[in-house]
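Colleague: What follows is a structure written as structure tokens; I'll ask about it next.
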Amino acid sequence: MEDISLILLFLSVLGGYLLGIISGLLPGVHNNNFALALIALAPFLAEKGLSPFYIAVIILSNAVSQTFHDVIPSVFLGAPDGDTALMVLPGHRLLLDGAGAEAVRLSALGSAGSVVASLIFVLPFSLFFKAIYPYVEAHMALILILIVFLMLASEKGESVEDSKEKSPFAKYKYKIFALVLFLITGVLGLFAFDRESLMVPVVNFGEPSILLPLLSGLFGSSQLIISLLTSSKIPEESVSALKLSRKRIFRGILTGSAAGSLVAWLPGLSSAIAALLTGLVAKVDFDRIPLKKKISEPDLGRLKTSLYSDPYASNPSTLESSKEFIVSNSGVNTSNAIFGLVAFVVIGRTRSGAMVAIETILGTNTLNLPVLLLFFAAMVLTALFSYFSTIWIGNNAHLFLKKVNYSKLCAGVLIGLGVMVYLFTGLFGFFIFLISTPIGMLSSFMNVRKSHAMGVILLPVILYFL
């Protein structure tokens, strides 16, 4: 092992941390983009005295820092990336309920807690997953089908008691709606993934991903349009105090860490799919848009007076479930970043762009125990920096938003998403974005959870393993 300069190590952590703030706050920019750029710059940096080890530290720190900061655009702008798509609705709702800063603080707590939990369980989890890995990989399709079944079976829609439909089949209507949404988005995913090569980005910034237009449309722009139609306004005050029981916080951290570690070991799974698992544990109904009135013939006028009038009126426990989900979802992303390194060391497989970059730079034979411990120390230091900066940004973002017209902000972000999709994925990506947006709004009219739209990833993955 080469002699390590503590000053260079600290500067590498600081550099990765700052890159993580950029990739976390700017929708469409991912740590994979910076990882690819660092691979290209590695020979030049080596000539300047920065060895591949420090470049790897920058990449790891960037990946961890992003998992903290990417909640901010999800909560305050309704703009998701692949790992925070499901967090848009609960986070954005808490913002409209005057608790945007609390949502960010809960997310930071979930990420920080998952760092601690991941390091505590790294050895037993490594032994466990290494033992079951061949069996799980062989039955991945069945496992994913079971997850989909649980998603659909847990869909309740509008409560039967509140509905005028008293027939014994009324409760199955929403499960059918959920299945329809899952299949529609699944077919959209198949169509998009099969034609991913048609993307010709205007701006080349790393490898273009079809997930950008898909998730920006299904979970980002669709939510922004609903906010515009319902004339949503940000409350004058933003609560930052944590109003969630320690039991729920602790459970959110544990479930998020476990699900995130699972994703890091298994092929074809994303953090968004792991988030679905944590949602089932938390029993969330957060992503349904509750209606005070039954909309039989939806139109824009009635939509304005019905949606978002009281986000939590239909179920008081929805608020706590939403907050727990934010904790667990953040834990998923951070745990995934940490266990991606562990999985690479134990089974020699890369599950993320960051680990592919590290494998390219370092190879597979240089990750001995001293190097691994230094990597862990770098990630812990990054998490410490990221925890405080995420909370600070979350506490102060509301002050900025109070100075702007929220409707104009939503419109601006909506236009910005469209421009970003066009620049990074070209005309075909923009076409997918336009199709995805109205499909993402279907859950509002069907009164079912928007998480069923994750069929856009789940169905292609299931068919791949079959």
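Quick note on naming: the chains in the structure tokens go A, B, ... in the order shown, residues restart at 1 in each chain, and ligands are numbered from 1 in order of appearance.
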Neighbours of A:Glu320 within 9 Å (only C-alpha atoms; same-chain residues fewer than 5 positions away dropped), as a list of chain:residue names?
Modeller: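 Answer for this query is A:Lys243, A:Leu244, A:Ser245, A:Arg248, A:Val284, A:Phe325.
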Colleague: Please indicate the distance in Å from atom CA of A:Leu50 to atom CA of A:Thr67, rounded to one decimal place.
Modeller: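 A separation of 25.5 Å between them.
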Colleague: Mind giving me the straight-line distance from atom CA of A:Leu11 to atom CA of A:Gly394 in Å, one decimal?
Modeller: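 So the two atoms, atom CA of A:Leu11 and atom CA of A:Gly394, lie 25.2 Å apart.
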Colleague: Considering only C-alpha atoms, state which residue in the set A:Val13, A:Val345, A:Leu417, A:Val200 is at the smallest distance from A:Ala383.
Modeller: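 Closest to A:Ala383, using only C-alpha atoms: A:Val13.
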Colleague: Just checking: using only C-alpha atoms, which residue out of A:Ala357, A:Val203, A:Ala264, A:Val419 ends up closest to A:Phe34?
Modeller: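 With only C-alpha atoms as the atom set, the closest residue is A:Ala357.
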Colleague: Within 9 Å of A:Glu196, counting only C-alpha atoms, which residues show up once you throw out same-chain ones fewer than 2 positions away? Write them as a list in words, please.
Modeller: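 After dropping sequence-adjacent residues, the list is Phe191, Ala192, Phe193, Asp194, Leu198, Met199, Pro208, Ser209, Ile210, Phe428 and Gly429 of chain A.
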Colleague: Applying 12 Å and only C-alpha atoms, which residues near A:Ile347 remain after dropping the ones on its own chain fewer than 5 positions away? List them as a PyMOL selection string.
Modeller: chain A and resi 126-127+129-134+264-266+339-342+364
Colleague: Which residue gives the smallest distance to A:Ala178 among A:Pro460, A:Gly455, A:Pro73, A:Gly15, with only C-alpha atoms counted?
Modeller: A:Gly455
Colleague: Do you know which residues are at most 8 Å from A:Leu77 counting only C-alpha atoms, after dropping those on the same chain fewer than 3 positions away, and could you put them as a PyMOL selection string?
Modeller: chain A and resi 72-74+92+410+413
Colleague: Hey, which of A:Ser257, A:Ser386, A:Ser221, A:Thr360 ends up closest to A:Gly418? Count only C-alpha atoms.
Modeller: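 Looking only at the distances to A:Gly418, the closest residue turns out to be A:Ser221.
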Colleague: Please report the interatomic distance between atom CA of A:Ile457 and atom CA of A:Ala258 in Å with one decimal.
Modeller: 20.7 Å
Colleague: Quick one: everything within 10 Å of A:Gln66, counting only C-alpha atoms, minus sequence neighbours fewer than 6 positions away in the same chain. Send it as a list in words.
Modeller: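 My list of contacting residues is Gly16, Tyr17, Leu18, Leu19, Gly20, Ile21, Ile22, Ser23, Gly24, Leu25, His30, Asn31, Asn333, Thr334, Ala337, Ala383 and Ser386 of chain A.
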Colleague: Let's have the selection written as a compact mmCIF listing (two decimals), in the first residue's frame, with C-alpha atoms.
Modeller:
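Below is the file again03.txt, written as the result:
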```
# COMPACT_ATOMS: atom_id res chain seq x y z
CA GLY A 16 -16.06 14.54 -3.47
CA TYR A 17 -18.36 16.07 -0.88
CA LEU A 18 -18.63 19.32 -2.86
CA LEU A 19 -19.27 17.41 -6.10
CA GLY A 20 -22.02 15.52 -4.25
CA ILE A 21 -23.71 18.81 -3.35
CA ILE A 22 -23.72 19.75 -7.04
CA SER A 23 -25.00 16.37 -8.27
CA GLY A 24 -27.53 16.26 -5.42
CA LEU A 25 -28.99 19.73 -5.94
CA HIS A 30 -25.59 12.36 -11.25
CA ASN A 31 -22.44 11.24 -9.48
CA ASN A 333 -29.76 5.31 -1.00
CA THR A 334 -26.92 5.85 1.47
CA ALA A 337 -23.67 3.50 -1.75
CA ALA A 383 -21.58 11.74 5.82
CA SER A 386 -23.28 16.17 4.40
```
Colleague: Using only C-alpha atoms, which of A:Leu179, A:Leu109, A:Ile358, A:Leu369 sits nearest A:Lys450?
Modeller: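 Answer, going by the shortest atom-to-atom distance: A:Leu179.
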Colleague: Go through A:Val116, A:Leu427, A:Leu262, A:Leu214 and flag the residue nearest A:Glu137, using only C-alpha atoms for the distances.
Modeller: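 Of A:Val116, A:Leu427, A:Leu262, A:Leu214, the one nearest A:Glu137 is A:Leu262, counting only C-alpha atoms.
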Colleague: Taking 2 positions as the minimum chain separation for residues in the same chain, which residues sit within 9 Å of A:Leu60 when counting only C-alpha atoms? Answer as a list of chain:residue names.
Modeller: A:Val13, A:Gly16, A:Ile55, A:Ala56, A:Val57, A:Ile58, A:Asn62, A:Ala63, A:Val64, A:Ser65, A:Ala337, A:Ile338, A:Leu341, A:Ala354, A:Met355, A:Ile358, A:Phe375, A:Ala378, A:Met379
Colleague: Residues as selected, C-alpha atoms, written as a compact mmCIF listing (two decimals), in the first residue's frame, can you do that?
Modeller:
```txt
# COMPACT_ATOMS: atom_id res chain seq x y z
CA VAL A 13 -13.03 13.79 0.73
CA GLY A 16 -16.06 14.54 -3.47
CA ILE A 55 -9.47 9.68 -7.19
CA ALA A 56 -11.39 6.66 -5.86
CA VAL A 57 -11.95 8.53 -2.57
CA ILE A 58 -13.39 11.49 -4.50
CA ASN A 62 -19.34 12.13 -4.21
CA ALA A 63 -21.67 9.11 -4.17
CA VAL A 64 -22.33 9.38 -0.42
CA SER A 65 -22.76 13.17 -0.45
CA ALA A 337 -23.67 3.50 -1.75
CA ILE A 338 -21.80 1.89 1.15
CA LEU A 341 -18.26 -1.10 -2.12
CA ALA A 354 -19.31 4.70 -8.96
CA MET A 355 -18.06 1.15 -8.38
CA ILE A 358 -13.38 2.52 -9.03
CA PHE A 375 -12.55 4.18 2.26
CA ALA A 378 -13.72 8.75 4.05
CA MET A 379 -17.42 7.89 3.70
```
